[in-house]
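Here's the structure, in structure tokens; my notes come after.
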Amino acid sequence: MWIPTEDEAVEMYACFLIARHGRVAGQYARRTADRLRSRGDLAGCAIWNRVANAVEQGAANKDHAEAVMAVS
């Protein structure tokens with residue numbers, strides 16, 4: 001049975017959020033992190049911030065790839 005690593009889980013959830021929430025996926029993840037921090041769940045907050053970073057990095061990479069393709 002395959003059990004994803006924490007890094008794989010972060011990437012998978014980032015992809016899911018992008019598919020489900022589109023351009024606001026990063027904002028959704030940051031709001032979730034903020035909610036968890038306000039409840040004292042610092043570990044959950046840290047993971048959701050990693051998801052938000054992955055979402056934003058993925059969006060930046062996609063925008064860069066699209067820009068390169070447009071120039072080519």
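The way I read the labels, and the way they are meant: chains A, B, ... in the order of the structure tokens, residue 1 as the first residue of every chain, and ligand 1 as the first ligand shown, with later ones counted on from there.
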Legend entry - Distance query range 32-46 of chain A at most 12 Å, only C-alpha atoms, self and fewer than 5 positions along chain excluded, as a ChimeraX atom specification: /A:6,10,17,25-27,51-53
Inset, instruction - Skip Glu56 in chain A itself and residues of its chain fewer than 6 positions away, then list as a list in words all residues within 12 Å of it, counting only C-alpha atoms. - result: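 Neighbouring residues, sequence-local ones excluded: Glu11, Ala14, Cys15, Leu17, Ile18, Gly22, Arg23, Val24, Ala25, Gly26, Gln27, Tyr28, Ala29, Arg30, Asn49, Arg50, Lys62 and Asp63 of chain A.
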Legend entry - Gap from CA of Thr5 in chain A to CA of Trp48 in chain A - Å, one decimal: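 Pair CA of Thr5 in chain A / CA of Trp48 in chain A returns 15.2 Å.
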Inset, instruction - List every residue of chain A that DSSP, applied to the backbone, labels as alpha helix (DSSP H), and write the result as number ranges by chain. - result: A: 6-21, 25-38, 42-71
Keeping only C-alpha atoms, take the residues you just selected and write them out as a PDB file, in the first residue's frame.
```
ATOM      1  CA  GLU A   6       4.129  14.858   3.655  1.00  0.00           C
ATOM      2  CA  ASP A   7       5.635  16.645   0.634  1.00  0.00           C
ATOM      3  CA  GLU A   8       3.587  14.516  -1.765  1.00  0.00           C
ATOM      4  CA  ALA A   9       0.438  15.168   0.246  1.00  0.00           C
ATOM      5  CA  VAL A  10       1.055  18.930   0.144  1.00  0.00           C
ATOM      6  CA  GLU A  11       1.525  18.812  -3.640  1.00  0.00           C
ATOM      7  CA  MET A  12      -1.561  16.649  -4.160  1.00  0.00           C
ATOM      8  CA  TYR A  13      -3.744  18.917  -2.057  1.00  0.00           C
ATOM      9  CA  ALA A  14      -2.371  22.004  -3.827  1.00  0.00           C
ATOM     10  CA  CYS A  15      -3.351  20.469  -7.174  1.00  0.00           C
ATOM     11  CA  PHE A  16      -6.800  19.645  -5.820  1.00  0.00           C
ATOM     12  CA  LEU A  17      -7.325  23.207  -4.561  1.00  0.00           C
ATOM     13  CA  ILE A  18      -6.240  24.694  -7.884  1.00  0.00           C
ATOM     14  CA  ALA A  19      -8.665  22.393  -9.712  1.00  0.00           C
ATOM     15  CA  ARG A  20     -11.504  23.160  -7.326  1.00  0.00           C
ATOM     16  CA  HIS A  21     -10.985  26.850  -6.519  1.00  0.00           C
ATOM     17  CA  ALA A  25      -6.955  28.509  -4.234  1.00  0.00           C
ATOM     18  CA  GLY A  26      -4.022  30.210  -2.524  1.00  0.00           C
ATOM     19  CA  GLN A  27      -6.328  32.579  -0.656  1.00  0.00           C
ATOM     20  CA  TYR A  28      -8.469  29.638   0.458  1.00  0.00           C
ATOM     21  CA  ALA A  29      -5.406  27.834   1.827  1.00  0.00           C
ATOM     22  CA  ARG A  30      -4.143  30.975   3.625  1.00  0.00           C
ATOM     23  CA  ARG A  31      -7.569  31.566   5.230  1.00  0.00           C
ATOM     24  CA  THR A  32      -7.609  27.965   6.414  1.00  0.00           C
ATOM     25  CA  ALA A  33      -4.109  28.389   7.877  1.00  0.00           C
ATOM     26  CA  ASP A  34      -5.206  31.575   9.656  1.00  0.00           C
ATOM     27  CA  ARG A  35      -8.273  29.826  11.097  1.00  0.00           C
ATOM     28  CA  LEU A  36      -6.150  26.991  12.423  1.00  0.00           C
ATOM     29  CA  ARG A  37      -3.606  29.394  13.923  1.00  0.00           C
ATOM     30  CA  SER A  38      -6.384  31.295  15.718  1.00  0.00           C
ATOM     31  CA  LEU A  42       0.152  25.515  14.849  1.00  0.00           C
ATOM     32  CA  ALA A  43       1.008  22.229  13.113  1.00  0.00           C
ATOM     33  CA  GLY A  44      -2.126  22.480  10.963  1.00  0.00           C
ATOM     34  CA  CYS A  45      -1.363  26.119  10.233  1.00  0.00           C
ATOM     35  CA  ALA A  46       2.156  25.211   9.081  1.00  0.00           C
ATOM     36  CA  ILE A  47       0.883  22.504   6.721  1.00  0.00           C
ATOM     37  CA  TRP A  48      -1.780  24.775   5.214  1.00  0.00           C
ATOM     38  CA  ASN A  49       0.828  27.483   4.682  1.00  0.00           C
ATOM     39  CA  ARG A  50       2.933  24.908   2.832  1.00  0.00           C
ATOM     40  CA  VAL A  51      -0.110  24.058   0.698  1.00  0.00           C
ATOM     41  CA  ALA A  52      -0.665  27.772  -0.010  1.00  0.00           C
ATOM     42  CA  ASN A  53       2.994  28.159  -0.992  1.00  0.00           C
ATOM     43  CA  ALA A  54       2.715  25.171  -3.324  1.00  0.00           C
ATOM     44  CA  VAL A  55      -0.457  26.608  -4.880  1.00  0.00           C
ATOM     45  CA  GLU A  56       1.212  29.974  -5.436  1.00  0.00           C
ATOM     46  CA  GLN A  57       4.398  28.377  -6.774  1.00  0.00           C
ATOM     47  CA  GLY A  58       2.361  26.203  -9.127  1.00  0.00           C
ATOM     48  CA  ALA A  59       0.434  29.222 -10.378  1.00  0.00           C
ATOM     49  CA  ALA A  60       3.672  31.137 -10.914  1.00  0.00           C
ATOM     50  CA  ASN A  61       5.190  28.219 -12.837  1.00  0.00           C
ATOM     51  CA  LYS A  62       2.051  27.895 -14.971  1.00  0.00           C
ATOM     52  CA  ASP A  63       2.027  31.627 -15.762  1.00  0.00           C
ATOM     53  CA  HIS A  64       5.723  31.476 -16.669  1.00  0.00           C
ATOM     54  CA  ALA A  65       5.209  28.439 -18.910  1.00  0.00           C
ATOM     55  CA  GLU A  66       2.275  30.118 -20.665  1.00  0.00           C
ATOM     56  CA  ALA A  67       4.333  33.267 -21.218  1.00  0.00           C
ATOM     57  CA  VAL A  68       7.210  31.246 -22.693  1.00  0.00           C
ATOM     58  CA  MET A  69       4.821  29.382 -24.986  1.00  0.00           C
ATOM     59  CA  ALA A  70       3.267  32.669 -26.160  1.00  0.00           C
ATOM     60  CA  VAL A  71       6.686  34.031 -27.146  1.00  0.00           C
TER      61      VAL A  71
END
```
